[in-house]
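Trainee: Input file: final.cif. Contents: mmCIF, C-alpha atoms; chains and numbers go by the auth columns.
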data_upload
loop_
_atom_site.group_PDB
_atom_site.id
_atom_site.type_symbol
_atom_site.label_atom_id
_atom_site.label_comp_id
_atom_site.label_asym_id
_atom_site.label_seq_id
_atom_site.Cartn_x
_atom_site.Cartn_y
_atom_site.Cartn_z
_atom_site.B_iso_or_equiv
_atom_site.auth_seq_id
_atom_site.auth_asym_id
ATOM 1 C CA MET A 1 100.928 100.030 80.417 0.00 1 A
ATOM 2 C CA ALA A 2 104.137 101.727 81.465 0.00 2 A
ATOM 3 C CA ASP A 3 107.528 100.014 81.288 0.00 3 A
ATOM 4 C CA LYS A 4 108.511 101.678 84.567 0.00 4 A
ATOM 5 C CA VAL A 5 106.374 103.061 87.410 0.00 5 A
ATOM 6 C CA ILE A 6 107.730 105.639 89.839 0.00 6 A
ATOM 7 C CA ASP A 7 105.687 105.907 93.019 0.00 7 A
ATOM 8 C CA ALA A 8 106.432 109.451 94.183 0.00 8 A
ATOM 9 C CA ARG A 9 103.237 109.846 96.222 0.00 9 A
ATOM 10 C CA VAL A 10 105.201 110.571 99.403 0.00 10 A
ATOM 11 C CA SER A 11 107.387 113.148 97.637 0.00 11 A
ATOM 12 C CA PHE A 12 106.695 116.844 97.180 0.00 12 A
ATOM 13 C CA CYS A 13 107.761 119.225 94.430 0.00 13 A
ATOM 14 C CA PRO A 14 110.310 119.008 92.932 0.00 14 A
ATOM 15 C CA GLY A 15 110.748 115.391 94.069 0.00 15 A
ATOM 16 C CA PRO A 16 108.518 113.683 91.461 0.00 16 A
ATOM 17 C CA LEU A 17 110.153 115.653 88.643 0.00 17 A
ATOM 18 C CA MET A 18 113.639 114.845 89.961 0.00 18 A
ATOM 19 C CA GLU A 19 112.736 111.147 90.048 0.00 19 A
ATOM 20 C CA LEU A 20 111.468 111.353 86.460 0.00 20 A
ATOM 21 C CA ILE A 21 114.664 113.081 85.315 0.00 21 A
ATOM 22 C CA ALA A 22 116.741 110.306 86.903 0.00 22 A
ATOM 23 C CA ALA A 23 114.566 107.655 85.208 0.00 23 A
ATOM 24 C CA MET A 24 114.881 109.402 81.843 0.00 24 A
ATOM 25 C CA LYS A 25 118.680 109.342 82.176 0.00 25 A
ATOM 26 C CA SER A 26 118.887 105.683 83.231 0.00 26 A
ATOM 27 C CA ASN A 27 116.395 104.086 80.817 0.00 27 A
ATOM 28 C CA PRO A 28 116.692 103.482 77.071 0.00 28 A
ATOM 29 C CA VAL A 29 114.877 105.398 74.333 0.00 29 A
ATOM 30 C CA GLY A 30 111.355 104.035 73.911 0.00 30 A
ATOM 31 C CA THR A 31 110.757 103.526 77.638 0.00 31 A
ATOM 32 C CA THR A 32 107.335 104.592 78.895 0.00 32 A
ATOM 33 C CA ILE A 33 107.441 105.928 82.453 0.00 33 A
ATOM 34 C CA GLU A 34 104.463 106.477 84.745 0.00 34 A
ATOM 35 C CA ILE A 35 104.877 108.832 87.704 0.00 35 A
ATOM 36 C CA LEU A 36 102.405 108.628 90.583 0.00 36 A
ATOM 37 C CA SER A 37 102.237 111.879 92.551 0.00 37 A
ATOM 38 C CA THR A 38 100.047 113.428 95.219 0.00 38 A
ATOM 39 C CA ASP A 39 101.614 116.827 94.501 0.00 39 A
ATOM 40 C CA LYS A 40 99.124 118.752 92.342 0.00 40 A
ATOM 41 C CA GLY A 41 101.936 120.821 90.823 0.00 41 A
ATOM 42 C CA SER A 42 103.393 117.697 89.219 0.00 42 A
ATOM 43 C CA ALA A 43 100.373 117.418 86.895 0.00 43 A
ATOM 44 C CA LYS A 44 101.355 120.802 85.420 0.00 44 A
ATOM 45 C CA ASP A 45 105.135 120.901 85.923 0.00 45 A
ATOM 46 C CA ILE A 46 106.026 117.496 84.490 0.00 46 A
ATOM 47 C CA PRO A 47 104.239 117.993 81.114 0.00 47 A
ATOM 48 C CA GLU A 48 105.870 121.442 80.829 0.00 48 A
ATOM 49 C CA TRP A 49 109.311 119.966 81.524 0.00 49 A
ATOM 50 C CA LEU A 50 108.774 117.155 78.997 0.00 50 A
ATOM 51 C CA LYS A 51 107.866 119.689 76.287 0.00 51 A
ATOM 52 C CA LYS A 52 110.882 121.845 77.179 0.00 52 A
ATOM 53 C CA VAL A 53 113.347 118.952 76.858 0.00 53 A
ATOM 54 C CA GLY A 54 111.708 117.355 73.805 0.00 54 A
ATOM 55 C CA GLN A 55 110.363 114.192 75.416 0.00 55 A
ATOM 56 C CA GLU A 56 106.850 112.863 74.832 0.00 56 A
ATOM 57 C CA PHE A 57 104.012 113.654 77.223 0.00 57 A
ATOM 58 C CA VAL A 58 101.570 110.750 76.930 0.00 58 A
ATOM 59 C CA GLY A 59 98.904 111.888 79.394 0.00 59 A
ATOM 60 C CA VAL A 60 97.785 112.700 82.906 0.00 60 A
ATOM 61 C CA GLU A 61 94.920 111.226 84.879 0.00 61 A
ATOM 62 C CA GLU A 62 93.602 112.199 88.283 0.00 62 A
ATOM 63 C CA ARG A 63 92.917 109.120 90.358 0.00 63 A
ATOM 64 C CA ASP A 64 91.832 108.604 93.962 0.00 64 A
ATOM 65 C CA GLY A 65 93.831 111.367 95.637 0.00 65 A
ATOM 66 C CA TYR A 66 96.822 111.337 93.280 0.00 66 A
ATOM 67 C CA TRP A 67 97.851 111.918 89.665 0.00 67 A
ATOM 68 C CA SER A 68 99.200 109.434 87.153 0.00 68 A
ATOM 69 C CA ILE A 69 101.472 111.158 84.665 0.00 69 A
ATOM 70 C CA VAL A 70 102.841 109.157 81.744 0.00 70 A
ATOM 71 C CA ALA A 71 105.906 110.107 79.711 0.00 71 A
ATOM 72 C CA LYS A 72 107.874 108.410 76.945 0.00 72 A
ATOM 73 C CA LYS A 73 111.590 108.782 76.351 0.00 73 A
ATOM 74 C CA ILE A 74 111.901 109.530 72.638 0.00 74 A
ATOM 75 C CA LYS A 75 115.509 110.696 72.390 0.00 75 A
#
Could the structure of this file be written out as structure tokens, please?
Mentor:
Amino acid sequence: MADKVIDARVSFCPGPLMELIAAMKSNPVGTTIEILSTDKGSAKDIPEWLKKVGQEFVGVEERDGYWSIVAKKIK
């Protein structure tokens, strides 16, 4: 269960990623963040960004017409 859920299902690339970046900046280390997105690119772009910046990619799951992408702030 995520500490914070960002519902970005009405947002298109790069909106979901921008919302995640803002959440990463405003939440403490150890926070688990779930991003909900209907933008297929998010399922690929967000894990790539997390790896690039050294944050933890927990997982991605395709649900009923959207993706759930979970990240953890580790630094």
Trainee: Would you compute the distance between atom CA of Lys25 of chain A and atom CA of Glu62 of chain A? Give it in Å to one decimal.
Mentor: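 According to the coordinates, atom CA of Lys25 of chain A and atom CA of Glu62 of chain A are separated by 26.0 Å.
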Trainee: What's the separation between atom CA of Phe12 of chain A and atom CA of Met24 of chain A, in Å to one decimal place?
Mentor: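 That distance, rounded to one decimal, is 18.9 Å.
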Trainee: By how many Å are atom CA of Gln55 of chain A and atom CA of Val10 of chain A apart?
Mentor: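 According to the coordinates, atom CA of Gln55 of chain A and atom CA of Val10 of chain A are separated by 24.8 Å.
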Trainee: Fewer than 2 positions away in the same chain doesn't count, so skip those; otherwise give me all residues within 7 Å of segment 29-46 of chain A, counting only C-alpha atoms, as an MDAnalysis selection string.
Mentor: chainID A and resid 2:9 12:13 16:17 27 48:50 60 65:75
